[in-house]
Amino acid sequence: MSRSSFLSPLEPQAPEKLIKMGKNFGSPRVAIARAGAPLPMQAAKDATRADLMIPVFVGERDMIEAEAAKLDWDISGFALHETTGEAEAGAKAAYLCGSGEADVLMKGQLHTDIFMKAAVSRDAGLRTGRRFVHIFHISPPDGSKPMLISDAAVNVAPNLETRQDSIREVTDLLMRLGTKRPKIAILSATENAIPAIPSSLESKELAEWAKTELPEADVSGPLAFDLIISPEAVATKKMTGDPVAGFADAIIVPDIVSGNALFKAFVYLTGGCAAGLVTGAKVPILLTSRADPAAARLASVALAAIKCALPK
């Protein structure tokens with residue numbers, strides 16, 4: 001079977017600028033829920049060697065030590081909390097973060113629903129009153145300006161209040177990354193608010209809300225994808241007066257389907273590197289996937305370090 005010509009032949013590369021910025025902050029203690037598996041252990045080793053994190057291992061001791069041995073990695077100097085099974089590992093790792101014994105929560109070898117159930121549990125102490133939202137930071141292969149996308153992994157059909165939190169969280173992260181005045185686009189299928197497309201009406205409402213609530217950012221919507229990313233499309237459609245159109249730093253999507261498809265298009269069609277984290281909790285949460293390449297995992301840890309903002 002032939003490979004689709006739409007697929008990029010480029011392997012994702014962890015953006016040097018993001019990694020360098022992550023190193024400017026104190027290496028956070030990362031609690032890895034059920035760490036004893038190849039992918040989380042390799043990610044932990046890479047990020048530790050890059051001076052981006054201090055691992056806090058949670059899970060079955062024999063499995064963790066066996067994986068470390070395969071990598072020829074001496075982990076005797078790091079904390080290891082022994083647990084049995086997915087639920088216990090998730091609960092313990094979340095508790096360590098809630099109690100201040102770790103600064104970042106990272107998913108290891110356990111199902112996402114079990115991991116997130118542990119994170120949102122009141123016993124974990126991670127709730128802040130804000131909604132949990134997922135943000136992808138996607139860097140192009142040449143390492144130039146990234147694009148942020150929220151929410152592509154956690155909220156299935158976010159209501160207006162959840163998307164307001166997404167806009168706040170994206171704005172905060174962009175400013176931590178050095179963007180002085182973030183440009184946030186709210187995705188729909190059109191640039192006009194029409195009843196036939198509910199997301200367009202909601203986009204307009206969100207943009208109006210942001211004018212009052214987030215004066216530090218430019219928020220525009222509704223905007224179709226071409227008007228978000230292409231200055232040429234903006235010029236053709238005579239929308240050059242819009243401060244966001246054609247030059248957006250981030251995209252707020254109406255649902256998980258469009259967000260998931262959009263981020264995967266950036267990754268698979270352009271070779272982009274997608275670093276991701278969940279915000280809104282007491283600590284950043286790394287919701288890694290088995291399909292994530294090593295570059296994305298390393299970039300995600302760097303992003304979490306920046307979000308933690310622990311200056312050296």
# chains A, B, ... in the order shown; residues from 1 in each chain; ligands from 1
call {"tool": "closest_atom_pairs", "arguments": {"of": "range 102-189 of chain A", "to": "range 56-65 of chain A", "cutoff": "10 Å", "atoms": "only C-alpha atoms", "output": "CSV"}}
result
residue,atom,partner,partner_atom,distance
A:Ala102,CA,A:Val56,CA,7.4
A:Asp103,CA,A:Val56,CA,9.9
A:Val104,CA,A:Val56,CA,9.6
A:Leu105,CA,A:Val56,CA,9.6
A:Met106,CA,A:Val56,CA,9.8
A:Gly108,CA,A:Val58,CA,9.0
A:Gln109,CA,A:Gly59,CA,9.2
call {"tool": "residues_around", "arguments": {"residues": "Ala118 in chain A", "least_positions_apart": "3", "cutoff": "7 Å", "atoms": "only C-alpha atoms", "output": "list in words"}}
result
Gly90, Ala91, Ala94, Ile114, Phe115, Ser121 and Ala124 of chain A
call {"tool": "select_by_dssp", "arguments": {"residues": "range 121-180 of chain A", "states": "strand (DSSP E)", "output": "list in words"}}
result
Val133, His134, Ile135, Phe136, His137, Ile138, Ser139, Met147, Leu148, Ile149 and Ser150 of chain A
call {"tool": "residues_around", "arguments": {"residues": "Ser5 in chain A", "least_positions_apart": "4", "cutoff": "12 Å", "atoms": "only C-alpha atoms", "output": "count of residues only"}}
result
4
call {"tool": "closest_residue", "arguments": {"among": "A:Ala302, A:Lys17, A:Ile149, A:Thr171", "to": "Ala261 in chain A", "atoms": "only C-alpha atoms"}}
result
A:Ile149
call {"tool": "select_by_dssp", "arguments": {"residues": "range 130-301 of chain A", "states": "alpha helix (DSSP H)", "output": "MDAnalysis selection string"}}
result
chainID A and resid 160:176 198:213 225:229 231:236 256:270 294:301
call {"tool": "decode", "arguments": {"residues": "range 84-119 of chain A", "atoms": "N, CA and C atoms", "output": "PDB file, in the first residue's frame"}}
result
ATOM      1  N   THR A  84       0.812  -0.374  43.249  1.00  0.00           N
ATOM      2  CA  THR A  84       0.389  -1.520  42.450  1.00  0.00           C
ATOM      3  C   THR A  84      -0.814  -1.146  41.598  1.00  0.00           C
ATOM      4  N   GLY A  85      -0.719  -1.347  40.290  1.00  0.00           N
ATOM      5  CA  GLY A  85      -1.847  -1.101  39.400  1.00  0.00           C
ATOM      6  C   GLY A  85      -1.983   0.349  38.982  1.00  0.00           C
ATOM      7  N   GLU A  86      -2.894   0.553  38.019  1.00  0.00           N
ATOM      8  CA  GLU A  86      -3.070   1.881  37.432  1.00  0.00           C
ATOM      9  C   GLU A  86      -3.696   2.880  38.392  1.00  0.00           C
ATOM     10  N   ALA A  87      -4.789   2.496  39.032  1.00  0.00           N
ATOM     11  CA  ALA A  87      -5.525   3.431  39.877  1.00  0.00           C
ATOM     12  C   ALA A  87      -4.678   3.925  41.045  1.00  0.00           C
ATOM     13  N   GLU A  88      -3.942   3.012  41.683  1.00  0.00           N
ATOM     14  CA  GLU A  88      -3.123   3.397  42.826  1.00  0.00           C
ATOM     15  C   GLU A  88      -1.978   4.313  42.394  1.00  0.00           C
ATOM     16  N   ALA A  89      -1.386   4.015  41.241  1.00  0.00           N
ATOM     17  CA  ALA A  89      -0.293   4.856  40.746  1.00  0.00           C
ATOM     18  C   ALA A  89      -0.796   6.258  40.404  1.00  0.00           C
ATOM     19  N   GLY A  90      -1.933   6.329  39.728  1.00  0.00           N
ATOM     20  CA  GLY A  90      -2.488   7.630  39.376  1.00  0.00           C
ATOM     21  C   GLY A  90      -2.816   8.456  40.604  1.00  0.00           C
ATOM     22  N   ALA A  91      -3.439   7.813  41.592  1.00  0.00           N
ATOM     23  CA  ALA A  91      -3.824   8.522  42.814  1.00  0.00           C
ATOM     24  C   ALA A  91      -2.602   9.008  43.579  1.00  0.00           C
ATOM     25  N   LYS A  92      -1.567   8.173  43.672  1.00  0.00           N
ATOM     26  CA  LYS A  92      -0.368   8.552  44.412  1.00  0.00           C
ATOM     27  C   LYS A  92       0.377   9.692  43.723  1.00  0.00           C
ATOM     28  N   ALA A  93       0.534   9.607  42.413  1.00  0.00           N
ATOM     29  CA  ALA A  93       1.235  10.659  41.679  1.00  0.00           C
ATOM     30  C   ALA A  93       0.499  11.988  41.791  1.00  0.00           C
ATOM     31  N   ALA A  94      -0.836  11.943  41.679  1.00  0.00           N
ATOM     32  CA  ALA A  94      -1.627  13.164  41.805  1.00  0.00           C
ATOM     33  C   ALA A  94      -1.520  13.740  43.208  1.00  0.00           C
ATOM     34  N   TYR A  95      -1.537  12.865  44.213  1.00  0.00           N
ATOM     35  CA  TYR A  95      -1.426  13.316  45.605  1.00  0.00           C
ATOM     36  C   TYR A  95      -0.072  13.988  45.855  1.00  0.00           C
ATOM     37  N   LEU A  96       0.995  13.422  45.300  1.00  0.00           N
ATOM     38  CA  LEU A  96       2.319  14.026  45.472  1.00  0.00           C
ATOM     39  C   LEU A  96       2.343  15.456  44.946  1.00  0.00           C
ATOM     40  N   CYS A  97       1.656  15.681  43.826  1.00  0.00           N
ATOM     41  CA  CYS A  97       1.589  17.029  43.252  1.00  0.00           C
ATOM     42  C   CYS A  97       0.713  17.946  44.106  1.00  0.00           C
ATOM     43  N   GLY A  98      -0.403  17.419  44.565  1.00  0.00           N
ATOM     44  CA  GLY A  98      -1.310  18.223  45.382  1.00  0.00           C
ATOM     45  C   GLY A  98      -0.721  18.605  46.721  1.00  0.00           C
ATOM     46  N   SER A  99       0.137  17.747  47.271  1.00  0.00           N
ATOM     47  CA  SER A  99       0.730  17.996  48.583  1.00  0.00           C
ATOM     48  C   SER A  99       2.028  18.792  48.504  1.00  0.00           C
ATOM     49  N   GLY A 100       2.454  19.136  47.290  1.00  0.00           N
ATOM     50  CA  GLY A 100       3.658  19.937  47.132  1.00  0.00           C
ATOM     51  C   GLY A 100       4.946  19.150  47.034  1.00  0.00           C
ATOM     52  N   GLU A 101       4.854  17.830  46.897  1.00  0.00           N
ATOM     53  CA  GLU A 101       6.047  16.999  46.781  1.00  0.00           C
ATOM     54  C   GLU A 101       6.500  16.823  45.330  1.00  0.00           C
ATOM     55  N   ALA A 102       5.722  17.324  44.401  1.00  0.00           N
ATOM     56  CA  ALA A 102       6.088  17.322  42.983  1.00  0.00           C
ATOM     57  C   ALA A 102       5.445  18.530  42.333  1.00  0.00           C
ATOM     58  N   ASP A 103       6.014  18.967  41.202  1.00  0.00           N
ATOM     59  CA  ASP A 103       5.583  20.210  40.547  1.00  0.00           C
ATOM     60  C   ASP A 103       4.815  19.992  39.251  1.00  0.00           C
ATOM     61  N   VAL A 104       4.917  18.790  38.687  1.00  0.00           N
ATOM     62  CA  VAL A 104       4.262  18.461  37.420  1.00  0.00           C
ATOM     63  C   VAL A 104       3.756  17.022  37.519  1.00  0.00           C
ATOM     64  N   LEU A 105       2.578  16.771  36.971  1.00  0.00           N
ATOM     65  CA  LEU A 105       2.016  15.420  36.929  1.00  0.00           C
ATOM     66  C   LEU A 105       2.105  14.898  35.502  1.00  0.00           C
ATOM     67  N   MET A 106       2.691  13.695  35.349  1.00  0.00           N
ATOM     68  CA  MET A 106       2.900  13.137  34.014  1.00  0.00           C
ATOM     69  C   MET A 106       2.273  11.744  33.901  1.00  0.00           C
ATOM     70  N   LYS A 107       1.577  11.511  32.830  1.00  0.00           N
ATOM     71  CA  LYS A 107       0.965  10.208  32.565  1.00  0.00           C
ATOM     72  C   LYS A 107       2.024   9.216  32.094  1.00  0.00           C
ATOM     73  N   GLY A 108       2.035   8.042  32.734  1.00  0.00           N
ATOM     74  CA  GLY A 108       2.907   6.960  32.309  1.00  0.00           C
ATOM     75  C   GLY A 108       2.088   5.862  31.652  1.00  0.00           C
ATOM     76  N   GLN A 109       2.322   4.614  32.073  1.00  0.00           N
ATOM     77  CA  GLN A 109       1.647   3.470  31.457  1.00  0.00           C
ATOM     78  C   GLN A 109       0.324   3.192  32.168  1.00  0.00           C
ATOM     79  N   LEU A 110      -0.671   4.038  31.911  1.00  0.00           N
ATOM     80  CA  LEU A 110      -2.018   3.828  32.430  1.00  0.00           C
ATOM     81  C   LEU A 110      -3.012   4.509  31.510  1.00  0.00           C
ATOM     82  N   HIS A 111      -4.259   4.054  31.585  1.00  0.00           N
ATOM     83  CA  HIS A 111      -5.282   4.597  30.692  1.00  0.00           C
ATOM     84  C   HIS A 111      -5.589   6.051  31.047  1.00  0.00           C
ATOM     85  N   THR A 112      -5.899   6.832  30.032  1.00  0.00           N
ATOM     86  CA  THR A 112      -6.142   8.261  30.226  1.00  0.00           C
ATOM     87  C   THR A 112      -7.291   8.531  31.182  1.00  0.00           C
ATOM     88  N   ASP A 113      -8.369   7.754  31.090  1.00  0.00           N
ATOM     89  CA  ASP A 113      -9.520   8.008  31.960  1.00  0.00           C
ATOM     90  C   ASP A 113      -9.168   7.782  33.429  1.00  0.00           C
ATOM     91  N   ILE A 114      -8.362   6.769  33.705  1.00  0.00           N
ATOM     92  CA  ILE A 114      -7.936   6.510  35.082  1.00  0.00           C
ATOM     93  C   ILE A 114      -7.009   7.620  35.572  1.00  0.00           C
ATOM     94  N   PHE A 115      -6.101   8.043  34.714  1.00  0.00           N
ATOM     95  CA  PHE A 115      -5.159   9.109  35.049  1.00  0.00           C
ATOM     96  C   PHE A 115      -5.883  10.411  35.362  1.00  0.00           C
ATOM     97  N   MET A 116      -6.809  10.803  34.484  1.00  0.00           N
ATOM     98  CA  MET A 116      -7.516  12.065  34.684  1.00  0.00           C
ATOM     99  C   MET A 116      -8.495  11.997  35.858  1.00  0.00           C
ATOM    100  N   LYS A 117      -9.060  10.816  36.103  1.00  0.00           N
ATOM    101  CA  LYS A 117      -9.934  10.657  37.270  1.00  0.00           C
ATOM    102  C   LYS A 117      -9.149  10.921  38.550  1.00  0.00           C
ATOM    103  N   ALA A 118      -7.900  10.444  38.578  1.00  0.00           N
ATOM    104  CA  ALA A 118      -7.045  10.696  39.741  1.00  0.00           C
ATOM    105  C   ALA A 118      -6.719  12.181  39.863  1.00  0.00           C
ATOM    106  N   ALA A 119      -6.479  12.829  38.741  1.00  0.00           N
ATOM    107  CA  ALA A 119      -6.099  14.243  38.752  1.00  0.00           C
ATOM    108  C   ALA A 119      -7.226  15.146  39.248  1.00  0.00           C
TER     109      ALA A 119
END
